[in-house]
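Visitor: The structure that follows is given in the form of structure tokens.
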Amino acid sequence: MAKQRVLSGIQPTGRAHIGNYLGAFVNWVRDQSANDSIFLVVDLHGLTVENDRDSMGAATLDMAATLFAVGIDPGQATVVIQSHVPGHVQLGWVMECTATYGELSRMTQFKDKSKGLSKVRVGLFTYPALMAADILLYHADLVPVGDDQTQHLELARDLAIRFNNAYGETFTVPKAQRVAHGSRVMDLANPLQKMSKSSSSPQGIIFLSDSDDEIARKIARAKTDTFNELAYLPEDPERAGVTNLLEMLGALTGKAPEECAGEFSGYGQLKKALTEALVELLTPIKIRFELFQTDPAELARLLAQGADRANEIASDTVRVVYDRLGLVRSGG
Ligand code: TRP
């Protein structure tokens with residue numbers, strides 16, 4: 001059977017953290033040999049809100065280096081910086097002209113992100129059309145997404161179907177690959193909220209680049225509760241902190257969180273074991289990441305290779321789409 005094409009993307013805003021790793025990267029790495037995978041560092045999406053021009057390039061390269069450092073193998077999967085492939089913007093416009101104002105107005109992430117902004121960029125509104133283009137450009141079969149992206153993926157499916165109906169079979173209609181339960185990491189300081197690059201304090205986030213001391217300090221300060229007996233009760237919001245620690249340890253050790261709960265007599269022991277598991281995971285990742293810092297030419301080479309492969313697929317798709325739309329080809 002032909003390999004399924006899997007595609008996912010991550011914004012280069014902020015540093016990657018353990019929530020990105022356990023919620024996404026670990027699955028990307030696990031499945032990379034079974035699938036034909038494309039992972040995008042979506043720098044153009046980063047322009048939808050105010051961003052810092054001076055750090056944009058470094059953040060983009062760091063995110064790409066992080067993907068290789070966590071184990072994405074450039075021999076198996078393709079890592080691409082979105083702006084290196086003009087097809088994203090070309091098909092993005094076509095998707096803007098396929099989606100309706102009403103559809104984009106219903107996107108809950110737009111409503112959340114635009115709230116409180118004095119100036120809302122039009123790109124923030126049309127962002128889901130660009131995301132649809134990211135996916136459809138490569139005829140992706142499967143898109144691993146978290147809950148916050150399912151509505152965007154639904155839109156991508158709708159747009160693919162609409163275009164196919166209007167102009168003939170052109171796009172693969174992508175399916176969502178739901179991320180397994182328990183891989184959602186919560187903020188250590190505020191465990192009712194998802195661990196997120198955009199959260200206010202770094203204290204609640206374990207970055208993949210954190211030193212051993214930082215990891216130990218953040219885990220030591222992680223919010224728990226006053227129940228004092230270790231139990232895995234994920235439905236109880238008052239125990240959300242401990243639930244999160246148990247789920248993280250479970251994900252890192254391949255054990256069920258219940259089992260982890262049975263192994264310790266107190267929160268101190270649990271935190272110590274979790275700190276050790278995190279240090280063990282992150283030490284080799286940090287070493288591989290550092291190799292790219294000392295050899296930026298190697299990173300550039302891998303990304304040029306990714307862009308070449310992606311451009312080959314993307315330019316083909318754009319040509320077919322433009323033909324279907326009746327646009328005149330250049331050069332006679
Ligand atoms: N919108 C996604 C996010 O913010 C990132 C993204 C952009 C993406 N293009 C994509 C994810 C294509 C999957 C497929 O997390």
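Numbering starts fresh at 1 for the residues of each chain in the structure tokens, the chains themselves are lettered A, B, ... in the order given, and ligands are numbered from 1 as they appear.
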What does the list of residues within 8 Å of ligand 1 look like if you count only C-alpha atoms and all ligand atoms, written as a list in words?
Guide: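 Counting only what the definition allows, namely only C-alpha atoms and all ligand atoms, the set is Leu7, Ser8, Gly9, Ile10, Gln11, Leu40, Val41, Val42, His45, Tyr127, Pro128, Leu130, Met131, Ala132, Asp134, Ile135, Val143, Pro144, Val145, Gly146, Asp148, Gln149, His152 and Leu153 of chain A.
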Visitor: With 8 Å as the cut-off and only C-alpha atoms counted, what is the closest atom pair between each nearby residue of range 25-111 of chain A and range 308-318 of chain A? Distances in Å to one decimal, ordered by chain and number, as JSON lines.
Guide:
{"residue": "A:Thr78", "atom": "CA", "partner": "A:Arg309", "partner_atom": "CA", "distance": 7.6}
{"residue": "A:Val80", "atom": "CA", "partner": "A:Ala310", "partner_atom": "CA", "distance": 7.2}
{"residue": "A:Val85", "atom": "CA", "partner": "A:Asn311", "partner_atom": "CA", "distance": 5.7}
{"residue": "A:Pro86", "atom": "CA", "partner": "A:Asn311", "partner_atom": "CA", "distance": 7.8}
{"residue": "A:Gly87", "atom": "CA", "partner": "A:Ala314", "partner_atom": "CA", "distance": 5.5}
{"residue": "A:His88", "atom": "CA", "partner": "A:Ala314", "partner_atom": "CA", "distance": 7.8}
{"residue": "A:Gln90", "atom": "CA", "partner": "A:Val318", "partner_atom": "CA", "distance": 7.1}
{"residue": "A:Leu91", "atom": "CA", "partner": "A:Val318", "partner_atom": "CA", "distance": 6.5}
Visitor: Using all heavy atoms, can you export the residues from the last selection as a PDB file, in the first residue's frame?
Guide:
ATOM      1  N   THR A  78       9.950  15.298   5.508  1.00  0.00           N
ATOM      2  CA  THR A  78      10.337  16.567   4.907  1.00  0.00           C
ATOM      3  C   THR A  78      10.000  17.705   5.874  1.00  0.00           C
ATOM      4  O   THR A  78       8.851  17.829   6.292  1.00  0.00           O
ATOM      5  CB  THR A  78       9.564  16.766   3.590  1.00  0.00           C
ATOM      6  OG1 THR A  78       9.781  15.609   2.762  1.00  0.00           O
ATOM      7  CG2 THR A  78      10.025  18.003   2.843  1.00  0.00           C
ATOM      8  N   VAL A  80       9.915  21.742   6.225  1.00  0.00           N
ATOM      9  CA  VAL A  80       9.881  22.876   5.297  1.00  0.00           C
ATOM     10  C   VAL A  80       9.556  24.174   6.027  1.00  0.00           C
ATOM     11  O   VAL A  80       8.664  24.205   6.879  1.00  0.00           O
ATOM     12  CB  VAL A  80       8.755  22.690   4.240  1.00  0.00           C
ATOM     13  CG1 VAL A  80       8.947  23.672   3.101  1.00  0.00           C
ATOM     14  CG2 VAL A  80       8.687  21.280   3.729  1.00  0.00           C
ATOM     15  N   VAL A  85       8.364  28.165   0.125  1.00  0.00           N
ATOM     16  CA  VAL A  85       7.574  27.539  -0.933  1.00  0.00           C
ATOM     17  C   VAL A  85       6.462  28.507  -1.361  1.00  0.00           C
ATOM     18  O   VAL A  85       5.467  28.659  -0.654  1.00  0.00           O
ATOM     19  CB  VAL A  85       6.961  26.205  -0.431  1.00  0.00           C
ATOM     20  CG1 VAL A  85       6.142  25.529  -1.516  1.00  0.00           C
ATOM     21  CG2 VAL A  85       8.063  25.266   0.066  1.00  0.00           C
ATOM     22  N   PRO A  86       6.634  29.177  -2.510  1.00  0.00           N
ATOM     23  CA  PRO A  86       5.654  30.198  -2.920  1.00  0.00           C
ATOM     24  C   PRO A  86       4.239  29.648  -3.106  1.00  0.00           C
ATOM     25  O   PRO A  86       3.269  30.400  -3.001  1.00  0.00           O
ATOM     26  CB  PRO A  86       6.203  30.730  -4.248  1.00  0.00           C
ATOM     27  CG  PRO A  86       7.447  29.995  -4.547  1.00  0.00           C
ATOM     28  CD  PRO A  86       7.789  29.106  -3.404  1.00  0.00           C
ATOM     29  N   GLY A  87       4.123  28.346  -3.335  1.00  0.00           N
ATOM     30  CA  GLY A  87       2.812  27.743  -3.536  1.00  0.00           C
ATOM     31  C   GLY A  87       1.829  27.969  -2.397  1.00  0.00           C
ATOM     32  O   GLY A  87       0.618  28.007  -2.611  1.00  0.00           O
ATOM     33  N   HIS A  88       2.345  28.130  -1.172  1.00  0.00           N
ATOM     34  CA  HIS A  88       1.431  28.353  -0.043  1.00  0.00           C
ATOM     35  C   HIS A  88       0.618  29.622  -0.245  1.00  0.00           C
ATOM     36  O   HIS A  88      -0.593  29.648  -0.035  1.00  0.00           O
ATOM     37  CB  HIS A  88       2.207  28.443   1.277  1.00  0.00           C
ATOM     38  CG  HIS A  88       2.787  27.142   1.705  1.00  0.00           C
ATOM     39  ND1 HIS A  88       2.125  26.260   2.512  1.00  0.00           N
ATOM     40  CD2 HIS A  88       3.970  26.553   1.402  1.00  0.00           C
ATOM     41  CE1 HIS A  88       2.874  25.179   2.696  1.00  0.00           C
ATOM     42  NE2 HIS A  88       3.994  25.332   2.031  1.00  0.00           N
ATOM     43  N   GLN A  90       0.276  31.262  -3.131  1.00  0.00           N
ATOM     44  CA  GLN A  90      -0.489  31.167  -4.382  1.00  0.00           C
ATOM     45  C   GLN A  90      -1.800  30.424  -4.165  1.00  0.00           C
ATOM     46  O   GLN A  90      -2.868  30.870  -4.578  1.00  0.00           O
ATOM     47  CB  GLN A  90       0.355  30.455  -5.444  1.00  0.00           C
ATOM     48  CG  GLN A  90       1.572  31.278  -5.854  1.00  0.00           C
ATOM     49  CD  GLN A  90       2.556  30.467  -6.684  1.00  0.00           C
ATOM     50  OE1 GLN A  90       2.804  29.284  -6.424  1.00  0.00           O
ATOM     51  NE2 GLN A  90       3.139  31.110  -7.686  1.00  0.00           N
ATOM     52  N   LEU A  91      -1.725  29.287  -3.502  1.00  0.00           N
ATOM     53  CA  LEU A  91      -2.954  28.532  -3.256  1.00  0.00           C
ATOM     54  C   LEU A  91      -3.778  29.192  -2.141  1.00  0.00           C
ATOM     55  O   LEU A  91      -5.005  29.083  -2.124  1.00  0.00           O
ATOM     56  CB  LEU A  91      -2.634  27.082  -2.898  1.00  0.00           C
ATOM     57  CG  LEU A  91      -3.847  26.152  -2.812  1.00  0.00           C
ATOM     58  CD1 LEU A  91      -4.583  26.074  -4.157  1.00  0.00           C
ATOM     59  CD2 LEU A  91      -3.431  24.747  -2.373  1.00  0.00           C
TER      60      LEU A  91
END
Visitor: For range 191-195 of chain A, please output as an MDAnalysis selection string all residues within 8 Å (counting only C-alpha atoms; exclusion window: fewer than 5 positions along the same chain).
Guide: chainID A and resid 19 184:186 204:205 223 237 240:241 244
Visitor: What is the CA of Trp93 in chain A to CA of Leu302 in chain A distance in Å?
Guide: 28.3 Å
Visitor: Within 12 Å of Ala160 in chain A, counting only C-alpha atoms, which residues qualify if same-chain residues fewer than 2 places away don't, as a CSV table (one decimal) with all heavy atoms, in the first residue's frame?
Guide:
chain,number,residue,atom,x,y,z
A,91,LEU,N,-1.7,29.3,-3.5
A,91,LEU,CA,-3.0,28.5,-3.3
A,91,LEU,C,-3.8,29.2,-2.1
A,91,LEU,O,-5.0,29.1,-2.1
A,91,LEU,CB,-2.6,27.1,-2.9
A,91,LEU,CG,-3.8,26.2,-2.8
A,91,LEU,CD1,-4.6,26.1,-4.2
A,91,LEU,CD2,-3.4,24.7,-2.4
A,94,VAL,N,-6.2,31.4,-3.7
A,94,VAL,CA,-7.3,30.7,-4.3
A,94,VAL,C,-8.3,30.2,-3.2
A,94,VAL,O,-9.5,30.2,-3.4
A,94,VAL,CB,-6.8,29.5,-5.1
A,94,VAL,CG1,-7.9,28.6,-5.6
A,94,VAL,CG2,-5.9,30.0,-6.2
A,95,MET,N,-7.7,29.8,-2.0
A,95,MET,CA,-8.6,29.4,-0.9
A,95,MET,C,-9.4,30.5,-0.3
A,95,MET,O,-10.5,30.4,0.1
A,95,MET,CB,-7.8,28.7,0.2
A,95,MET,CG,-7.3,27.3,-0.2
A,95,MET,SD,-8.6,26.2,-0.6
A,95,MET,CE,-8.2,25.7,-2.2
A,98,THR,N,-12.3,30.8,-2.3
A,98,THR,CA,-13.1,29.6,-2.2
A,98,THR,C,-14.0,29.7,-1.0
A,98,THR,O,-15.1,29.3,-0.9
A,98,THR,CB,-12.3,28.3,-2.3
A,98,THR,OG1,-11.4,28.4,-3.4
A,98,THR,CG2,-13.2,27.1,-2.4
A,99,ALA,N,-13.4,30.2,0.1
A,99,ALA,CA,-14.1,30.3,1.4
A,99,ALA,C,-15.0,31.5,1.4
A,99,ALA,O,-14.8,32.5,0.6
A,99,ALA,CB,-13.0,30.5,2.5
A,129,ALA,N,-7.8,30.1,5.7
A,129,ALA,CA,-7.7,29.8,4.2
A,129,ALA,C,-6.2,29.4,3.9
A,129,ALA,O,-6.0,28.5,3.1
A,129,ALA,CB,-8.2,31.0,3.4
A,132,ALA,N,-5.6,26.0,5.1
A,132,ALA,CA,-6.2,25.0,4.1
A,132,ALA,C,-5.3,24.8,3.0
A,132,ALA,O,-5.0,23.7,2.5
A,132,ALA,CB,-7.6,25.5,3.7
A,133,ALA,N,-4.7,25.9,2.5
A,133,ALA,CA,-3.7,25.8,1.4
A,133,ALA,C,-2.5,25.0,1.8
A,133,ALA,O,-2.0,24.1,1.0
A,133,ALA,CB,-3.3,27.2,0.9
A,134,ASP,N,-2.0,25.2,3.0
A,134,ASP,CA,-0.9,24.4,3.5
A,134,ASP,C,-1.1,22.9,3.3
A,134,ASP,O,-0.2,22.1,3.0
A,134,ASP,CB,-0.6,24.6,5.0
A,134,ASP,CG,-0.3,26.1,5.4
A,134,ASP,OD1,0.1,26.8,4.5
A,134,ASP,OD2,-0.4,26.4,6.6
A,135,ILE,N,-2.3,22.5,3.6
A,135,ILE,CA,-2.7,21.1,3.6
A,135,ILE,C,-3.0,20.6,2.2
A,135,ILE,O,-2.5,19.5,1.8
A,135,ILE,CB,-3.9,20.9,4.5
A,135,ILE,CG1,-3.6,21.3,6.0
A,135,ILE,CG2,-4.4,19.4,4.5
A,135,ILE,CD1,-4.8,21.5,6.9
A,136,LEU,N,-3.8,21.3,1.5
A,136,LEU,CA,-4.3,20.9,0.2
A,136,LEU,C,-3.1,20.9,-0.9
A,136,LEU,O,-3.1,20.1,-1.8
A,136,LEU,CB,-5.5,21.7,-0.3
A,136,LEU,CG,-6.7,21.7,0.7
A,136,LEU,CD1,-7.8,22.5,0.1
A,136,LEU,CD2,-7.1,20.3,1.1
A,137,LEU,N,-2.2,21.8,-0.7
A,137,LEU,CA,-1.1,21.9,-1.6
A,137,LEU,C,-0.3,20.6,-1.8
A,137,LEU,O,0.2,20.3,-2.9
A,137,LEU,CB,-0.1,23.0,-1.0
A,137,LEU,CG,1.0,23.6,-1.8
A,137,LEU,CD1,0.5,24.2,-3.1
A,137,LEU,CD2,1.7,24.7,-0.9
A,139,HIS,N,-1.7,17.5,-1.0
A,139,HIS,CA,-2.6,16.4,-1.1
A,139,HIS,C,-2.5,15.5,0.2
A,139,HIS,O,-2.4,14.3,0.1
A,139,HIS,CB,-2.3,15.5,-2.3
A,139,HIS,CG,-2.3,16.3,-3.6
A,139,HIS,ND1,-3.5,16.9,-4.1
A,139,HIS,CD2,-1.3,16.7,-4.4
A,139,HIS,CE1,-3.2,17.6,-5.2
A,139,HIS,NE2,-1.9,17.5,-5.4
A,140,ALA,N,-2.4,16.1,1.3
A,140,ALA,CA,-2.3,15.4,2.6
A,140,ALA,C,-3.5,14.5,2.8
A,140,ALA,O,-4.6,15.0,2.6
A,140,ALA,CB,-2.1,16.4,3.7
A,141,ASP,N,-3.3,13.3,3.3
A,141,ASP,CA,-4.4,12.4,3.6
A,141,ASP,C,-4.7,12.6,5.1
A,141,ASP,O,-5.9,12.6,5.4
A,141,ASP,CB,-3.9,10.9,3.5
A,141,ASP,CG,-3.5,10.6,2.1
A,141,ASP,OD1,-4.4,10.6,1.2
A,141,ASP,OD2,-2.3,10.3,1.8
A,153,LEU,N,-9.5,22.5,10.4
A,153,LEU,CA,-9.3,21.3,9.5
A,153,LEU,C,-10.7,21.0,8.8
A,153,LEU,O,-10.7,20.7,7.6
A,153,LEU,CB,-8.8,20.1,10.2
A,153,LEU,CG,-8.5,19.0,9.3
A,153,LEU,CD1,-7.3,19.3,8.5
A,153,LEU,CD2,-8.4,17.7,10.0
A,154,GLU,N,-11.8,21.1,9.5
A,154,GLU,CA,-13.1,21.0,8.9
A,154,GLU,C,-13.2,21.9,7.7
A,154,GLU,O,-13.8,21.6,6.7
A,154,GLU,CB,-14.2,21.3,9.9
A,154,GLU,CG,-14.8,20.2,10.7
A,154,GLU,CD,-15.2,19.0,9.8
A,154,GLU,OE1,-16.0,19.2,8.9
A,154,GLU,OE2,-14.7,17.9,10.0
A,155,LEU,N,-12.8,23.2,7.9
A,155,LEU,CA,-12.9,24.1,6.8
A,155,LEU,C,-12.1,23.7,5.6
A,155,LEU,O,-12.5,23.8,4.5
A,155,LEU,CB,-12.4,25.5,7.3
A,155,LEU,CG,-12.4,26.6,6.2
A,155,LEU,CD1,-13.9,27.1,5.9
A,155,LEU,CD2,-11.6,27.8,6.6
A,156,ALA,N,-10.9,23.2,5.9
A,156,ALA,CA,-10.0,22.8,4.8
A,156,ALA,C,-10.7,21.6,4.0
A,156,ALA,O,-10.6,21.6,2.8
A,156,ALA,CB,-8.7,22.3,5.3
A,157,ARG,N,-11.4,20.8,4.7
A,157,ARG,CA,-12.1,19.7,4.1
A,157,ARG,C,-13.2,20.3,3.2
A,157,ARG,O,-13.4,19.9,2.1
A,157,ARG,CB,-12.7,18.7,5.1
A,157,ARG,CG,-11.7,17.8,5.8
A,157,ARG,CD,-12.3,17.1,7.0
A,157,ARG,NE,-13.5,16.4,6.6
A,157,ARG,CZ,-13.5,15.1,6.1
A,157,ARG,NH1,-12.4,14.5,5.9
A,157,ARG,NH2,-14.6,14.5,5.8
A,158,ASP,N,-14.0,21.2,3.8
A,158,ASP,CA,-15.1,21.8,3.1
A,158,ASP,C,-14.6,22.5,1.8
A,158,ASP,O,-15.2,22.4,0.7
A,158,ASP,CB,-15.8,22.8,3.9
A,158,ASP,CG,-16.6,22.2,5.1
A,158,ASP,OD1,-16.8,21.0,5.0
A,158,ASP,OD2,-17.0,22.9,6.0
A,162,ARG,N,-15.6,21.6,-2.0
A,162,ARG,CA,-16.3,22.6,-2.8
A,162,ARG,C,-15.5,22.9,-4.1
A,162,ARG,O,-16.1,22.9,-5.2
A,162,ARG,CB,-16.3,24.0,-2.0
A,162,ARG,CG,-17.1,25.1,-2.7
A,162,ARG,CD,-17.2,26.3,-1.8
A,162,ARG,NE,-17.7,25.9,-0.5
A,162,ARG,CZ,-17.5,26.6,0.6
A,162,ARG,NH1,-16.9,27.7,0.6
A,162,ARG,NH2,-18.0,26.1,1.8
A,163,PHE,N,-14.2,22.9,-4.0
A,163,PHE,CA,-13.4,23.2,-5.2
A,163,PHE,C,-13.5,22.0,-6.1
A,163,PHE,O,-13.7,22.1,-7.4
A,163,PHE,CB,-11.9,23.4,-4.8
A,163,PHE,CG,-11.1,23.9,-6.0
A,163,PHE,CD1,-10.7,25.2,-6.1
A,163,PHE,CD2,-10.6,23.0,-6.9
A,163,PHE,CE1,-10.0,25.7,-7.2
A,163,PHE,CE2,-9.8,23.4,-8.0
A,163,PHE,CZ,-9.5,24.8,-8.1
A,164,ASN,N,-13.4,20.8,-5.6
A,164,ASN,CA,-13.6,19.6,-6.4
A,164,ASN,C,-14.9,19.5,-7.2
A,164,ASN,O,-15.0,19.2,-8.3
A,164,ASN,CB,-13.4,18.3,-5.6
A,164,ASN,CG,-12.0,18.1,-5.1
A,164,ASN,OD1,-11.0,18.7,-5.6
A,164,ASN,ND2,-11.8,17.2,-4.2
A,165,ASN,N,-16.0,19.9,-6.4
A,165,ASN,CA,-17.3,19.9,-7.1
A,165,ASN,C,-17.4,20.9,-8.2
A,165,ASN,O,-18.0,20.7,-9.2
A,165,ASN,CB,-18.4,20.2,-6.0
A,165,ASN,CG,-18.6,18.9,-5.1
A,165,ASN,OD1,-18.2,17.8,-5.5
A,165,ASN,ND2,-19.2,19.2,-4.0
A,166,ALA,N,-16.8,22.1,-8.0
A,166,ALA,CA,-16.9,23.2,-8.9
A,166,ALA,C,-16.0,23.0,-10.1
A,166,ALA,O,-16.4,23.3,-11.3
A,166,ALA,CB,-16.6,24.5,-8.3
A,167,TYR,N,-14.8,22.4,-9.9
A,167,TYR,CA,-13.8,22.4,-11.0
A,167,TYR,C,-13.3,21.0,-11.4
A,167,TYR,O,-12.4,20.9,-12.2
A,167,TYR,CB,-12.6,23.3,-10.6
A,167,TYR,CG,-13.0,24.7,-10.3
A,167,TYR,CD1,-13.1,25.2,-9.0
A,167,TYR,CD2,-13.3,25.6,-11.3
A,167,TYR,CE1,-13.4,26.5,-8.7
A,167,TYR,CE2,-13.7,26.9,-11.1
A,167,TYR,CZ,-13.7,27.4,-9.8
A,167,TYR,OH,-14.1,28.7,-9.5
A,168,GLY,N,-13.8,20.0,-10.8
A,168,GLY,CA,-13.3,18.6,-11.0
A,168,GLY,C,-12.3,18.2,-10.0
A,168,GLY,O,-11.7,19.0,-9.3
A,169,GLU,N,-12.2,16.9,-9.8
A,169,GLU,CA,-11.3,16.3,-8.8
A,169,GLU,C,-9.9,16.9,-8.8
A,169,GLU,O,-9.2,16.7,-9.8
A,169,GLU,CB,-11.2,14.8,-9.0
A,169,GLU,CG,-12.4,13.9,-8.4
A,169,GLU,CD,-12.6,14.3,-6.9
A,169,GLU,OE1,-11.7,14.2,-6.1
A,169,GLU,OE2,-13.8,14.6,-6.6
A,170,THR,N,-9.6,17.6,-7.8
A,170,THR,CA,-8.3,18.2,-7.8
A,170,THR,C,-7.5,17.9,-6.4
A,170,THR,O,-6.4,17.6,-6.4
A,170,THR,CB,-8.5,19.8,-7.9
A,170,THR,OG1,-9.3,20.0,-9.0
A,170,THR,CG2,-7.1,20.5,-8.0
A,171,PHE,N,-8.3,18.1,-5.3
A,171,PHE,CA,-7.6,17.9,-4.0
A,171,PHE,C,-8.0,16.7,-3.3
A,171,PHE,O,-9.2,16.2,-3.4
A,171,PHE,CB,-8.1,19.1,-3.1
A,171,PHE,CG,-7.6,20.4,-3.6
A,171,PHE,CD1,-8.5,21.4,-3.9
A,171,PHE,CD2,-6.2,20.7,-3.7
A,171,PHE,CE1,-8.1,22.7,-4.4
A,171,PHE,CE2,-5.8,22.0,-4.2
A,171,PHE,CZ,-6.7,22.9,-4.5
A,172,THR,N,-7.1,16.1,-2.6
A,172,THR,CA,-7.4,15.1,-1.6
A,172,THR,C,-8.1,15.7,-0.4
A,172,THR,O,-7.7,16.8,0.0
A,172,THR,CB,-6.1,14.4,-1.1
A,172,THR,OG1,-5.4,13.9,-2.2
A,172,THR,CG2,-6.4,13.3,-0.1
A,173,VAL,N,-9.2,15.1,0.0
A,173,VAL,CA,-9.9,15.7,1.2
A,173,VAL,C,-9.3,15.1,2.4
A,173,VAL,O,-9.3,13.9,2.7
A,173,VAL,CB,-11.4,15.3,1.1
A,173,VAL,CG1,-12.2,15.9,2.3
A,173,VAL,CG2,-12.1,15.7,-0.2
A,174,PRO,N,-8.6,16.0,3.2
A,174,PRO,CA,-7.8,15.5,4.3
A,174,PRO,C,-8.6,15.0,5.5
A,174,PRO,O,-9.7,15.5,5.7
A,174,PRO,CB,-7.0,16.7,4.7
A,174,PRO,CG,-7.8,17.9,4.3
A,174,PRO,CD,-8.6,17.4,3.1
A,175,LYS,N,-8.1,14.1,6.3
A,175,LYS,CA,-8.8,13.6,7.5
A,175,LYS,C,-8.0,14.1,8.7
A,175,LYS,O,-6.7,14.1,8.7
A,175,LYS,CB,-8.8,12.1,7.6
A,175,LYS,CG,-9.8,11.5,6.6
A,175,LYS,CD,-10.1,10.0,7.1
A,175,LYS,CE,-11.0,9.4,6.1
A,175,LYS,NZ,-10.5,9.2,4.7
A,321,VAL,N,-4.2,23.7,-10.4
A,321,VAL,CA,-5.3,24.5,-9.9
A,321,VAL,C,-5.6,25.7,-10.8
A,321,VAL,O,-6.7,26.0,-11.1
A,321,VAL,CB,-5.0,25.0,-8.4
A,321,VAL,CG1,-5.9,26.0,-8.0
A,321,VAL,CG2,-5.1,23.8,-7.5
Visitor: From the options A:Ile38, A:Glu290, A:Asp210, A:Ser118, which residue's atoms come nearest to Gln82 in chain A, counting only C-alpha atoms?
Guide: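 Closest to Gln82 in chain A of all the choices is A:Ile38.
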Visitor: I need the residues in range 38-283 of chain A that are strand (DSSP E) according to DSSP; give them as a list in words.
Guide: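 Here are the strand (DSSP E) residues of range 38-283 of chain A: Ile38, Phe39, Leu40, Val41, Thr78, Val79, Val80, Ile81, Leu142, Val143, Pro144, Val145, Lys175, Ala176, Gln177 and Arg178 of chain A.
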Visitor: Output C-alpha atoms for every residue in the selection just made, as a short mmCIF file (atom, residue, chain, number, x, y, z; two decimals), in the first residue's frame.
Guide:
data_model
loop_
_atom_site.label_atom_id
_atom_site.label_comp_id
_atom_site.auth_asym_id
_atom_site.auth_seq_id
_atom_site.Cartn_x
_atom_site.Cartn_y
_atom_site.Cartn_z
CA ILE A 38 5.70 16.84 5.75
CA PHE A 39 6.22 19.17 8.70
CA LEU A 40 5.88 22.88 8.14
CA VAL A 41 7.36 25.69 10.17
CA THR A 78 10.34 16.57 4.91
CA VAL A 79 10.77 19.66 7.08
CA VAL A 80 9.88 22.88 5.30
CA ILE A 81 9.86 26.55 6.11
CA LEU A 142 -3.97 12.90 7.38
CA VAL A 143 -3.47 15.96 9.52
CA PRO A 144 -2.59 15.41 13.18
CA VAL A 145 -4.29 18.21 15.06
CA LYS A 175 -8.78 13.63 7.51
CA ALA A 176 -8.02 14.75 11.03
CA GLN A 177 -5.81 12.48 13.04
CA ARG A 178 -6.91 13.12 16.59
#
Visitor: Need to verify the contact set: Thr100 in chain A, 10 Å, only C-alpha atoms, exclusion of same-chain residues closer than 3 positions in sequence. Can you return it as number ranges by chain?
Guide: A: 95-97, 103-105, 126, 129, 159
Visitor: Would you kindly return, as a PyMOL selection string, each protein, DNA or RNA residue with an atom no farther than 9 Å from any atom of Ile285 in chain A, considering only C-alpha atoms and excluding same-chain residues fewer than 6 positions away?
Guide: chain A and resi 66+68-71+208-209
Visitor: Write the residues of the selection above to a file with C-alpha atoms, as an mmCIF file, in the first residue's frame.
Guide:
data_model
loop_
_atom_site.group_PDB
_atom_site.id
_atom_site.type_symbol
_atom_site.label_atom_id
_atom_site.label_comp_id
_atom_site.auth_asym_id
_atom_site.auth_seq_id
_atom_site.Cartn_x
_atom_site.Cartn_y
_atom_site.Cartn_z
ATOM 1 C CA THR A 66 14.134 21.540 17.238
ATOM 2 C CA PHE A 68 15.425 17.544 13.819
ATOM 3 C CA ALA A 69 16.680 17.488 17.421
ATOM 4 C CA VAL A 70 13.593 15.640 18.698
ATOM 5 C CA GLY A 71 14.136 12.978 16.082
ATOM 6 C CA LEU A 208 12.778 21.777 25.550
ATOM 7 C CA SER A 209 15.811 24.026 25.999
#
Visitor: Provide the CA of Lys255 in chain A to CA of Ala277 in chain A distance in Å, to one decimal place.
Guide: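 Those two atoms sit 12.3 Å apart.
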Visitor: So the first atom is CA of Gly14 in chain A and the second is CA of Glu280 in chain A; what is the distance between them in Å, to one decimal place?
Guide: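 Answer for the CA of Gly14 in chain A to CA of Glu280 in chain A separation: 23.1 Å.
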Visitor: Name the residues of range 84-273 of chain A that come out as helix (DSSP H, G or I) in a backbone DSSP run; write them as number ranges by chain.
Guide: A: 84, 87-96, 101-105, 108-114, 122-136, 147-167, 202-204, 212-221, 237-253, 257-263, 267-273
Visitor: Might you pull out every residue within 9 Å of Thr48 in chain A, with only C-alpha atoms counted and same-chain residues fewer than 5 positions away left off, and present them as an mmCIF file with N, CA and C atoms, in the first residue's frame?
Guide:
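Result went into result.cif, see below:
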data_model
loop_
_atom_site.group_PDB
_atom_site.id
_atom_site.type_symbol
_atom_site.label_atom_id
_atom_site.label_comp_id
_atom_site.auth_asym_id
_atom_site.auth_seq_id
_atom_site.Cartn_x
_atom_site.Cartn_y
_atom_site.Cartn_z
ATOM 1 N N VAL A 120 -6.911 44.608 14.110
ATOM 2 C CA VAL A 120 -6.940 43.199 13.722
ATOM 3 C C VAL A 120 -6.483 43.083 12.278
ATOM 4 N N ARG A 121 -5.405 42.369 12.061
ATOM 5 C CA ARG A 121 -4.914 42.212 10.690
ATOM 6 C C ARG A 121 -5.864 41.326 9.883
ATOM 7 N N VAL A 122 -6.059 41.692 8.628
ATOM 8 C CA VAL A 122 -6.941 40.893 7.767
ATOM 9 C C VAL A 122 -6.410 39.460 7.673
ATOM 10 N N GLY A 123 -5.082 39.322 7.732
ATOM 11 C CA GLY A 123 -4.475 37.996 7.665
ATOM 12 C C GLY A 123 -4.895 37.095 8.824
ATOM 13 N N LEU A 124 -5.188 37.687 9.978
ATOM 14 C CA LEU A 124 -5.652 36.876 11.108
ATOM 15 C C LEU A 124 -7.021 36.286 10.779
ATOM 16 N N PHE A 125 -7.804 37.066 10.049
ATOM 17 C CA PHE A 125 -9.135 36.618 9.650
ATOM 18 C C PHE A 125 -9.060 35.522 8.583
ATOM 19 N N TYR A 127 -6.447 33.624 7.900
ATOM 20 C CA TYR A 127 -5.503 32.582 8.297
ATOM 21 C C TYR A 127 -5.987 31.154 8.001
#
